[in-house]
>>> print(open('structure-v1.pdb').read())   # PDB, C-alpha atoms
ATOM      1  CA  MET X  23      43.598  32.640 -68.378
ATOM      2  CA  GLU X  24      45.005  34.619 -65.439
ATOM      3  CA  ARG X  25      45.810  32.542 -62.362
ATOM      4  CA  ARG X  26      45.031  33.369 -58.754
ATOM      5  CA  LYS X  27      46.453  32.119 -55.481
ATOM      6  CA  LEU X  28      44.303  30.486 -52.810
ATOM      7  CA  GLY X  29      46.174  30.462 -49.526
ATOM      8  CA  SER X  30      49.937  30.191 -49.545
ATOM      9  CA  ARG X  31      50.501  27.556 -52.223
ATOM     10  CA  LEU X  32      47.535  26.670 -54.408
ATOM     11  CA  GLU X  33      47.262  28.451 -57.772
ATOM     12  CA  VAL X  34      44.164  28.061 -59.931
ATOM     13  CA  SER X  35      42.572  29.647 -62.984
ATOM     14  CA  ALA X  36      40.883  32.958 -62.135
ATOM     15  CA  ILE X  37      37.548  31.384 -63.050
ATOM     16  CA  GLY X  38      36.859  27.775 -62.176
ATOM     17  CA  LEU X  39      34.185  25.359 -63.315
ATOM     18  CA  GLY X  40      31.514  24.147 -60.924
ATOM     19  CA  CYS X  41      30.826  20.657 -62.246
ATOM     20  CA  MET X  42      27.817  19.766 -60.054
ATOM     21  CA  GLY X  43      25.202  20.448 -62.730
ATOM     22  CA  PHE X  44      26.474  17.717 -65.020
ATOM     23  CA  SER X  45      24.983  15.102 -62.706
ATOM     24  CA  HIS X  46      23.111  16.709 -59.819
ATOM     25  CA  ALA X  47      20.388  19.248 -58.987
ATOM     26  CA  TYR X  48      19.601  20.555 -62.496
ATOM     27  CA  GLY X  49      17.397  17.859 -63.932
ATOM     28  CA  ALA X  50      18.524  14.690 -65.697
ATOM     29  CA  PRO X  51      22.305  14.143 -65.712
ATOM     30  CA  THR X  52      24.243  15.008 -68.827
ATOM     31  CA  GLU X  53      25.199  11.929 -70.833
ATOM     32  CA  ARG X  54      28.594  10.853 -69.537
ATOM     33  CA  SER X  55      30.650  11.184 -72.703
ATOM     34  CA  GLU X  56      29.111  14.593 -73.392
ATOM     35  CA  ALA X  57      29.949  15.784 -69.876
ATOM     36  CA  VAL X  58      33.531  14.571 -70.225
ATOM     37  CA  ARG X  59      33.882  16.372 -73.563
ATOM     38  CA  ALA X  60      32.544  19.592 -72.028
ATOM     39  CA  ILE X  61      35.022  19.491 -69.141
ATOM     40  CA  ARG X  62      37.897  18.808 -71.532
ATOM     41  CA  ALA X  63      36.721  21.677 -73.735
ATOM     42  CA  ALA X  64      36.683  23.924 -70.658
ATOM     43  CA  HIS X  65      40.321  23.046 -70.038
ATOM     44  CA  ASP X  66      41.125  23.978 -73.623
ATOM     45  CA  MET X  67      39.475  27.359 -72.947
ATOM     46  CA  GLY X  68      41.794  28.010 -70.004
ATOM     47  CA  TYR X  69      39.980  26.545 -67.000
ATOM     48  CA  THR X  70      42.270  24.560 -64.709
ATOM     49  CA  PHE X  71      40.144  24.532 -61.531
ATOM     50  CA  PHE X  72      37.344  21.961 -61.389
ATOM     51  CA  ASP X  73      34.948  21.700 -58.460
ATOM     52  CA  THR X  74      33.028  18.549 -57.540
ATOM     53  CA  ALA X  75      31.881  16.695 -54.392
ATOM     54  CA  GLU X  76      31.311  13.230 -53.048
ATOM     55  CA  CYS X  77      27.573  13.917 -52.731
ATOM     56  CA  TYR X  78      27.011  15.209 -56.281
ATOM     57  CA  VAL X  79      25.211  12.132 -57.542
ATOM     58  CA  GLY X  80      22.350  11.942 -60.032
ATOM     59  CA  GLN X  81      20.352   9.123 -61.575
ATOM     60  CA  ASN X  82      20.847   8.099 -65.190
ATOM     61  CA  PRO X  83      17.846   7.113 -67.349
ATOM     62  CA  ASP X  84      18.677   3.437 -66.778
ATOM     63  CA  GLY X  85      18.501   3.915 -63.022
ATOM     64  CA  SER X  86      22.251   3.795 -62.418
ATOM     65  CA  ALA X  87      24.033   6.455 -60.406
ATOM     66  CA  SER X  88      25.890   9.292 -62.102
ATOM     67  CA  PHE X  89      28.853  10.152 -59.878
ATOM     68  CA  ASN X  90      30.136  13.637 -60.585
ATOM     69  CA  GLU X  91      33.605  12.780 -59.302
ATOM     70  CA  GLU X  92      33.877   9.986 -61.867
ATOM     71  CA  LEU X  93      33.068  12.421 -64.691
ATOM     72  CA  VAL X  94      35.718  14.859 -63.520
ATOM     73  CA  GLY X  95      38.278  12.121 -63.030
ATOM     74  CA  GLU X  96      37.735  10.740 -66.519
ATOM     75  CA  ALA X  97      37.825  14.215 -68.069
ATOM     76  CA  VAL X  98      41.197  15.158 -66.561
ATOM     77  CA  ARG X  99      42.887  11.844 -67.308
ATOM     78  CA  GLY X 100      46.060  12.638 -69.191
ATOM     79  CA  ILE X 101      46.136  16.265 -68.026
ATOM     80  CA  ARG X 102      45.991  15.625 -64.288
ATOM     81  CA  GLU X 103      49.229  17.474 -63.510
ATOM     82  CA  HIS X 104      47.912  20.590 -65.269
ATOM     83  CA  VAL X 105      44.635  20.939 -63.344
ATOM     84  CA  GLN X 106      43.447  21.445 -59.784
ATOM     85  CA  ILE X 107      40.602  19.289 -58.494
ATOM     86  CA  ALA X 108      38.475  20.417 -55.570
ATOM     87  CA  THR X 109      36.121  17.960 -53.934
ATOM     88  CA  LYS X 110      34.246  17.809 -50.633
ATOM     89  CA  PHE X 111      33.406  15.596 -47.675
ATOM     90  CA  GLY X 112      30.925  15.662 -44.844
ATOM     91  CA  VAL X 113      27.512  15.836 -46.548
ATOM     92  CA  ARG X 114      24.988  13.389 -47.909
ATOM     93  CA  HIS X 115      21.644  14.172 -49.516
ATOM     94  CA  GLU X 116      18.332  12.887 -48.217
ATOM     95  CA  GLY X 117      15.977  14.250 -50.836
ATOM     96  CA  ARG X 118      16.831  17.942 -50.914
ATOM     97  CA  GLN X 119      17.987  17.994 -47.321
ATOM     98  CA  LEU X 120      21.678  18.002 -46.398
ATOM     99  CA  VAL X 121      22.794  15.654 -43.623
ATOM    100  CA  VAL X 122      26.214  16.536 -42.228
ATOM    101  CA  ASN X 123      28.820  14.171 -40.774
ATOM    102  CA  SER X 124      32.439  15.205 -40.309
ATOM    103  CA  ARG X 125      33.571  12.664 -37.760
ATOM    104  CA  PRO X 126      37.237  11.721 -38.348
ATOM    105  CA  GLU X 127      36.399   8.171 -39.409
ATOM    106  CA  GLU X 128      33.871   9.545 -41.912
ATOM    107  CA  ILE X 129      36.457  11.918 -43.395
ATOM    108  CA  ARG X 130      38.839   8.956 -43.761
ATOM    109  CA  ARG X 131      36.166   6.898 -45.505
ATOM    110  CA  ALA X 132      35.222   9.792 -47.754
ATOM    111  CA  VAL X 133      38.728  10.629 -48.948
ATOM    112  CA  GLU X 134      39.417   7.054 -50.033
ATOM    113  CA  GLY X 135      36.173   6.948 -52.004
ATOM    114  CA  SER X 136      36.862  10.287 -53.667
ATOM    115  CA  LEU X 137      40.407   9.301 -54.633
ATOM    116  CA  LYS X 138      39.076   6.126 -56.227
ATOM    117  CA  ARG X 139      36.260   7.818 -58.158
ATOM    118  CA  LEU X 140      38.555  10.608 -59.337
ATOM    119  CA  GLY X 141      41.224   8.117 -60.391
ATOM    120  CA  THR X 142      43.972  10.085 -58.653
ATOM    121  CA  ASP X 143      46.284   9.638 -55.694
ATOM    122  CA  TYR X 144      45.903  13.180 -54.363
ATOM    123  CA  ILE X 145      43.257  15.908 -54.090
ATOM    124  CA  ASP X 146      44.402  19.471 -54.698
ATOM    125  CA  LEU X 147      41.731  21.090 -52.526
ATOM    126  CA  TYR X 148      39.582  19.184 -50.038
ATOM    127  CA  TYR X 149      36.615  21.000 -48.512
ATOM    128  CA  GLN X 150      34.503  20.331 -45.497
ATOM    129  CA  HIS X 151      31.223  20.681 -47.396
ATOM    130  CA  ARG X 152      29.289  22.093 -44.438
ATOM    131  CA  THR X 153      30.275  22.603 -40.807
ATOM    132  CA  ASP X 154      29.151  19.893 -38.408
ATOM    133  CA  PRO X 155      27.736  21.126 -35.077
ATOM    134  CA  ASP X 156      28.663  17.810 -33.466
ATOM    135  CA  VAL X 157      32.357  17.839 -34.454
ATOM    136  CA  PRO X 158      34.662  20.678 -33.332
ATOM    137  CA  ALA X 159      36.400  22.623 -36.090
ATOM    138  CA  GLU X 160      39.737  21.748 -34.477
ATOM    139  CA  GLU X 161      39.033  18.018 -34.775
ATOM    140  CA  VAL X 162      38.134  18.328 -38.458
ATOM    141  CA  ALA X 163      41.249  20.410 -39.108
ATOM    142  CA  GLY X 164      43.439  17.894 -37.300
ATOM    143  CA  THR X 165      42.115  15.029 -39.385
ATOM    144  CA  VAL X 166      42.700  16.929 -42.631
ATOM    145  CA  ALA X 167      46.199  17.880 -41.422
ATOM    146  CA  ASP X 168      46.946  14.157 -41.180
ATOM    147  CA  LEU X 169      45.715  13.658 -44.764
ATOM    148  CA  ILE X 170      47.979  16.478 -45.913
ATOM    149  CA  ARG X 171      50.972  14.901 -44.172
ATOM    150  CA  GLU X 172      50.114  11.617 -45.890
ATOM    151  CA  GLY X 173      50.066  13.331 -49.312
ATOM    152  CA  LYS X 174      46.435  12.491 -50.032
ATOM    153  CA  VAL X 175      45.406  16.158 -49.839
ATOM    154  CA  LEU X 176      47.440  19.219 -50.846
ATOM    155  CA  ALA X 177      45.270  21.998 -49.381
ATOM    156  CA  TRP X 178      41.932  22.344 -47.678
ATOM    157  CA  GLY X 179      38.985  24.664 -47.208
ATOM    158  CA  ILE X 180      35.540  24.955 -45.670
ATOM    159  CA  SER X 181      32.279  25.681 -47.463
ATOM    160  CA  GLU X 182      29.671  27.969 -45.870
ATOM    161  CA  ALA X 183      31.892  28.886 -42.908
ATOM    162  CA  ASP X 184      31.647  31.817 -40.503
ATOM    163  CA  GLU X 185      34.469  33.775 -38.867
ATOM    164  CA  ASP X 186      34.645  31.712 -35.672
ATOM    165  CA  THR X 187      34.915  28.440 -37.573
ATOM    166  CA  VAL X 188      37.519  29.867 -39.936
ATOM    167  CA  ARG X 189      39.725  31.099 -37.111
ATOM    168  CA  ARG X 190      39.500  27.897 -35.096
ATOM    169  CA  ALA X 191      40.159  25.609 -38.056
ATOM    170  CA  HIS X 192      42.946  27.776 -39.481
ATOM    171  CA  ALA X 193      44.802  27.760 -36.145
ATOM    172  CA  VAL X 194      45.154  23.975 -36.380
ATOM    173  CA  CYS X 195      45.682  23.516 -40.122
ATOM    174  CA  PRO X 196      45.983  26.627 -42.332
ATOM    175  CA  LEU X 197      43.088  27.034 -44.743
ATOM    176  CA  ALA X 198      43.667  27.727 -48.431
ATOM    177  CA  CYS X 199      40.190  29.149 -48.907
ATOM    178  CA  VAL X 200      36.603  29.439 -47.840
ATOM    179  CA  GLN X 201      33.923  28.547 -50.379
ATOM    180  CA  ASN X 202      30.691  30.450 -49.786
ATOM    181  CA  ARG X 203      27.674  31.504 -51.797
ATOM    182  CA  TYR X 204      28.421  34.889 -53.351
ATOM    183  CA  SER X 205      26.900  36.964 -56.125
ATOM    184  CA  MET X 206      25.432  40.393 -56.763
ATOM    185  CA  MET X 207      22.276  39.036 -55.131
ATOM    186  CA  ALA X 208      24.024  37.307 -52.211
ATOM    187  CA  ARG X 209      26.621  39.571 -50.578
ATOM    188  CA  TRP X 210      26.265  38.758 -46.878
ATOM    189  CA  HIS X 211      29.670  37.032 -46.722
ATOM    190  CA  GLU X 212      31.528  40.222 -47.609
ATOM    191  CA  SER X 213      31.852  40.782 -43.856
ATOM    192  CA  LEU X 214      34.292  37.854 -43.864
ATOM    193  CA  PHE X 215      36.730  39.498 -46.292
ATOM    194  CA  PRO X 216      38.815  41.356 -43.648
ATOM    195  CA  VAL X 217      39.346  38.082 -41.777
ATOM    196  CA  LEU X 218      40.462  36.312 -44.945
ATOM    197  CA  GLU X 219      42.898  39.130 -45.693
ATOM    198  CA  GLU X 220      44.273  39.008 -42.145
ATOM    199  CA  LEU X 221      44.873  35.257 -42.341
ATOM    200  CA  GLY X 222      45.884  34.997 -46.012
ATOM    201  CA  ILE X 223      42.925  32.842 -47.031
ATOM    202  CA  GLY X 224      41.263  32.850 -50.462
ATOM    203  CA  PHE X 225      37.554  33.008 -51.273
ATOM    204  CA  VAL X 226      35.861  30.716 -53.793
ATOM    205  CA  ALA X 227      32.437  31.977 -54.852
ATOM    206  CA  PHE X 228      29.824  29.355 -55.651
ATOM    207  CA  SER X 229      26.578  30.275 -57.397
ATOM    208  CA  PRO X 230      28.224  33.510 -58.639
ATOM    209  CA  LEU X 231      25.397  34.014 -61.146
ATOM    210  CA  ALA X 232      22.685  33.361 -58.535
ATOM    211  CA  ASN X 233      22.005  29.934 -60.076
ATOM    212  CA  GLY X 234      21.744  31.477 -63.537
ATOM    213  CA  VAL X 235      19.469  34.459 -62.939
ATOM    214  CA  LEU X 236      22.273  36.977 -63.467
ATOM    215  CA  SER X 237      23.021  35.562 -66.900
ATOM    216  CA  GLY X 238      19.823  37.266 -68.089
ATOM    217  CA  ALA X 239      18.960  34.113 -70.015
ATOM    218  CA  TYR X 240      15.663  33.317 -68.282
ATOM    219  CA  LYS X 241      12.128  34.655 -68.789
ATOM    220  CA  ALA X 242       9.318  34.957 -66.275
ATOM    221  CA  SER X 243       7.445  32.199 -68.121
ATOM    222  CA  ASP X 244      10.276  29.646 -67.863
ATOM    223  CA  THR X 245       9.538  26.484 -65.902
ATOM    224  CA  PHE X 246      11.774  23.712 -64.579
ATOM    225  CA  ALA X 247      11.520  19.952 -64.277
ATOM    226  CA  ALA X 248      10.529  18.447 -60.943
ATOM    227  CA  ASP X 249      14.101  17.288 -60.302
ATOM    228  CA  ASP X 250      15.580  20.719 -61.101
ATOM    229  CA  TYR X 251      16.261  22.619 -57.861
ATOM    230  CA  ARG X 252      15.758  25.995 -59.530
ATOM    231  CA  GLY X 253      12.000  25.420 -59.535
ATOM    232  CA  ALA X 254      11.970  25.945 -55.761
ATOM    233  CA  MET X 255      14.424  28.858 -55.619
ATOM    234  CA  PRO X 256      12.980  32.265 -54.699
ATOM    235  CA  GLN X 257      14.891  34.075 -57.445
ATOM    236  CA  TYR X 258      12.815  32.044 -59.925
ATOM    237  CA  GLY X 259       9.521  32.548 -58.073
ATOM    238  CA  ALA X 260       6.346  34.009 -59.550
ATOM    239  CA  ASP X 261       7.170  37.628 -58.705
ATOM    240  CA  ALA X 262      10.941  37.429 -58.904
ATOM    241  CA  HIS X 263      11.357  38.450 -62.520
ATOM    242  CA  GLU X 264       9.576  41.740 -61.910
ATOM    243  CA  ALA X 265      11.457  42.278 -58.627
ATOM    244  CA  ASN X 266      14.768  41.806 -60.442
ATOM    245  CA  ALA X 267      13.919  43.870 -63.515
ATOM    246  CA  ARG X 268      15.990  46.856 -62.405
ATOM    247  CA  LEU X 269      18.970  44.656 -61.548
ATOM    248  CA  LEU X 270      18.883  42.921 -64.918
ATOM    249  CA  SER X 271      18.483  46.251 -66.716
ATOM    250  CA  PHE X 272      21.467  47.599 -64.789
ATOM    251  CA  LEU X 273      23.535  44.569 -65.832
ATOM    252  CA  ASN X 274      22.509  44.985 -69.459
ATOM    253  CA  GLU X 275      23.564  48.639 -69.381
ATOM    254  CA  LEU X 276      26.982  47.749 -67.951
ATOM    255  CA  ALA X 277      27.373  44.919 -70.441
ATOM    256  CA  ALA X 278      26.671  47.198 -73.400
ATOM    257  CA  GLU X 279      29.164  49.733 -72.067
ATOM    258  CA  LYS X 280      31.897  47.099 -71.707
ATOM    259  CA  GLU X 281      30.989  45.110 -74.840
ATOM    260  CA  ALA X 282      30.361  42.111 -72.640
ATOM    261  CA  THR X 283      27.411  40.029 -71.439
ATOM    262  CA  PRO X 284      25.504  40.300 -68.140
ATOM    263  CA  ALA X 285      27.114  37.076 -66.916
ATOM    264  CA  GLN X 286      30.577  38.389 -67.726
ATOM    265  CA  ILE X 287      29.899  41.634 -65.867
ATOM    266  CA  SER X 288      28.679  39.669 -62.833
ATOM    267  CA  LEU X 289      31.884  37.636 -62.750
ATOM    268  CA  ALA X 290      34.240  40.498 -63.653
ATOM    269  CA  TRP X 291      32.743  42.538 -60.780
ATOM    270  CA  MET X 292      33.853  40.029 -58.165
ATOM    271  CA  LEU X 293      37.241  39.508 -59.823
ATOM    272  CA  ALA X 294      37.795  43.274 -59.586
ATOM    273  CA  LYS X 295      36.784  43.471 -55.928
ATOM    274  CA  LYS X 296      39.512  41.255 -54.441
ATOM    275  CA  PRO X 297      42.552  39.481 -55.944
ATOM    276  CA  TYR X 298      41.834  36.357 -53.903
ATOM    277  CA  ILE X 299      38.250  35.786 -55.140
ATOM    278  CA  VAL X 300      37.745  32.904 -57.590
ATOM    279  CA  PRO X 301      34.201  32.351 -58.928
ATOM    280  CA  ILE X 302      33.175  28.861 -60.035
ATOM    281  CA  PRO X 303      30.104  29.238 -62.275
ATOM    282  CA  GLY X 304      28.623  26.018 -63.571
ATOM    283  CA  SER X 305      27.156  25.263 -66.965
ATOM    284  CA  ARG X 306      26.631  22.303 -69.254
ATOM    285  CA  LYS X 307      26.662  24.343 -72.461
ATOM    286  CA  LEU X 308      29.912  24.990 -74.300
ATOM    287  CA  SER X 309      28.738  28.452 -75.299
ATOM    288  CA  ARG X 310      28.194  29.359 -71.643
ATOM    289  CA  LEU X 311      31.552  27.896 -70.615
ATOM    290  CA  GLU X 312      33.243  30.063 -73.218
ATOM    291  CA  GLU X 313      31.205  33.107 -72.196
ATOM    292  CA  ASN X 314      32.092  32.694 -68.524
ATOM    293  CA  ALA X 315      35.773  32.215 -69.308
ATOM    294  CA  GLY X 316      35.658  35.488 -71.215
ATOM    295  CA  ALA X 317      34.810  37.342 -68.016
ATOM    296  CA  ALA X 318      38.479  37.134 -67.063
ATOM    297  CA  ASP X 319      39.192  39.505 -69.976
ATOM    298  CA  VAL X 320      36.591  42.115 -68.981
ATOM    299  CA  ALA X 321      38.421  44.946 -67.231
ATOM    300  CA  LEU X 322      36.663  46.625 -64.315
ATOM    301  CA  SER X 323      38.582  48.992 -62.055
ATOM    302  CA  ALA X 324      38.292  48.981 -58.277
ATOM    303  CA  ALA X 325      36.413  52.272 -58.577
ATOM    304  CA  GLU X 326      33.950  50.748 -61.041
ATOM    305  CA  ALA X 327      33.419  47.780 -58.733
ATOM    306  CA  ALA X 328      32.759  50.147 -55.830
ATOM    307  CA  SER X 329      30.262  52.059 -57.960
ATOM    308  CA  ILE X 330      28.463  48.811 -58.735
ATOM    309  CA  ASP X 331      28.407  47.990 -55.011
ATOM    310  CA  PHE X 332      26.742  51.330 -54.288
ATOM    311  CA  ALA X 333      24.100  50.698 -56.934
ATOM    312  CA  LEU X 334      23.423  47.198 -55.571
ATOM    313  CA  ASP X 335      23.121  48.556 -52.025
ATOM    314  CA  THR X 336      20.317  50.880 -53.101
ATOM    315  CA  MET X 337      18.519  48.530 -55.487
ATOM    316  CA  GLY X 338      15.526  46.331 -54.775
ATOM    317  CA  MET X 339      15.698  42.696 -55.800
ATOM    318  CA  SER X 340      14.075  39.366 -55.002
ATOM    319  CA  ALA X 341      15.138  36.968 -52.306
ATOM    320  CA  VAL X 342      17.771  34.493 -53.420
ATOM    321  CA  PHE X 343      18.323  30.848 -52.504
ATOM    322  CA  GLY X 344      20.477  30.579 -49.405
ATOM    323  CA  GLY X 345      18.195  32.177 -46.874
ATOM    324  CA  SER X 346      20.337  35.047 -45.631
ATOM    325  CA  PRO X 347      19.640  38.749 -46.035
ATOM    326  CA  ARG X 348      21.680  40.604 -48.592
ATOM    327  CA  LYS X 349      24.126  43.264 -47.446
ATOM    328  CA  GLU X 350      22.520  46.492 -46.254
TER     329      GLU X 350
END
>>> encode(input="structure-v1.pdb", output="structure tokens")
Amino acid sequence: MERRKLGSRLEVSAIGLGCMGFSHAYGAPTERSEAVRAIRAAHDMGYTFFDTAECYVGQNPDGSASFNEELVGEAVRGIREHVQIATKFGVRHEGRQLVVNSRPEEIRRAVEGSLKRLGTDYIDLYYQHRTDPDVPAEEVAGTVADLIREGKVLAWGISEADEDTVRRAHAVCPLACVQNRYSMMARWHESLFPVLEELGIGFVAFSPLANGVLSGAYKASDTFAADDYRGAMPQYGADAHEANARLLSFLNELAAEKEATPAQISLAWMLAKKPYIVPIPGSRKLSRLEENAGAADVALSAAEAASIDFALDTMGMSAVFGGSPRKE
């Protein structure tokens, strides 16, 4: 698979794997050995970039915790030098609410726990999972700069960051990337692209398929388990399927034209827009992992991407989880 650069030094596969769903937010965790096999299979398909977080924790049927970082660490054992692991600090879950804490002592505690669970002595990319209103961006950046000097972290980023935070943090410790929600249904962070280009910062797109809707794999009648977050997402609401009918039809038309799938078109579109964008779709199914990897081989020109943008700008669609308006 093609590789892309995030920041000045970090190179990753053009499409990464968001590993959260193996143990968190999408119903019961995947059985551990099965999850490990899937991640290893993804590496065999060309993925080298694996995204996890300290707070991605589910509950196994026996009541024990399923730590996503442990799955990733076990899966990359023996191939560690050939992959890039991204993990995150600064968030804990209380139900479905996120509680943020990026005090320096908390970052120090978090990195030691992540290194242990991952079974590694360094983290390729360490994100502040969400900005903390009580801790200045400069203080967070300074703490991570110390971790980089100590060799525990190679590069860092911020998830769900705005321009002011990016500039302030980058001035203290250069950022490799920003990781924000981004898809055909969630384009409000495109306003950040000129800043990233100015500063030489990459962009990692999480939820690039709008939590699965853009794969075209779901029907209006589909339901989700109580512990599956999709059940509360507006793009899966009662009227969403009808609201998104034109979008899904548009994707199907493009897919037929390019001999691809709707998911591949969704990913290829963002790859074509900017050379520093790296989507990290998540899936637990090998067929989906292979399908998503194949998006890197779907050729869309910059002109075709711009044409898609124009169509999206003029197309009605449902709200999408994240709470921000889509680009006008």
>>> resolve_selection(input="structure-v1.pdb", expression="the PyMOL selection byres ((chain X and resi 257-260) around 7)", output="PDB file with C-alpha atoms, in the frame of the given file")
ATOM      1  CA  ARG X 252      15.758  25.995 -59.530  1.00  0.00           C
ATOM      2  CA  GLY X 253      12.000  25.420 -59.535  1.00  0.00           C
ATOM      3  CA  MET X 255      14.424  28.858 -55.619  1.00  0.00           C
ATOM      4  CA  PRO X 256      12.980  32.265 -54.699  1.00  0.00           C
ATOM      5  CA  ASP X 261       7.170  37.628 -58.705  1.00  0.00           C
ATOM      6  CA  ALA X 262      10.941  37.429 -58.904  1.00  0.00           C
ATOM      7  CA  SER X 340      14.075  39.366 -55.002  1.00  0.00           C
ATOM      8  CA  ALA X 341      15.138  36.968 -52.306  1.00  0.00           C
ATOM      9  CA  VAL X 342      17.771  34.493 -53.420  1.00  0.00           C
ATOM     10  CA  PHE X 343      18.323  30.848 -52.504  1.00  0.00           C
TER      11      PHE X 343
END
>>> closest_residue(input="structure-v1.pdb", among="X:Ala247, X:Val226, X:Ala177, X:Met339", to="His263 of chain X", atoms="all atoms listed in the file")
X:Met339
>>> closest_residue(input="structure-v1.pdb", among="X:His192, X:Lys174, X:Arg59, X:Lys138", to="Leu221 of chain X", atoms="only C-alpha atoms")
X:His192
>>> atom_distance(input="structure-v1.pdb", atom1="atom CA of Ile299 of chain X", atom2="atom CA of His211 of chain X")
12.1 Å
>>> residues_around(input="structure-v1.pdb", residues="segment 139-156 of chain X", least_positions_apart="2", cutoff="8 Å", atoms="all atoms listed in the file", output="MDAnalysis selection string")
chainID X and resid 32 89 91:96 106:113 122:124 135:137 158:159 173:183
>>> closest_residue(input="structure-v1.pdb", among="X:Val320, X:Ala267, X:Val79, X:Leu308", to="Val58 of chain X", atoms="all atoms listed in the file")
X:Leu308
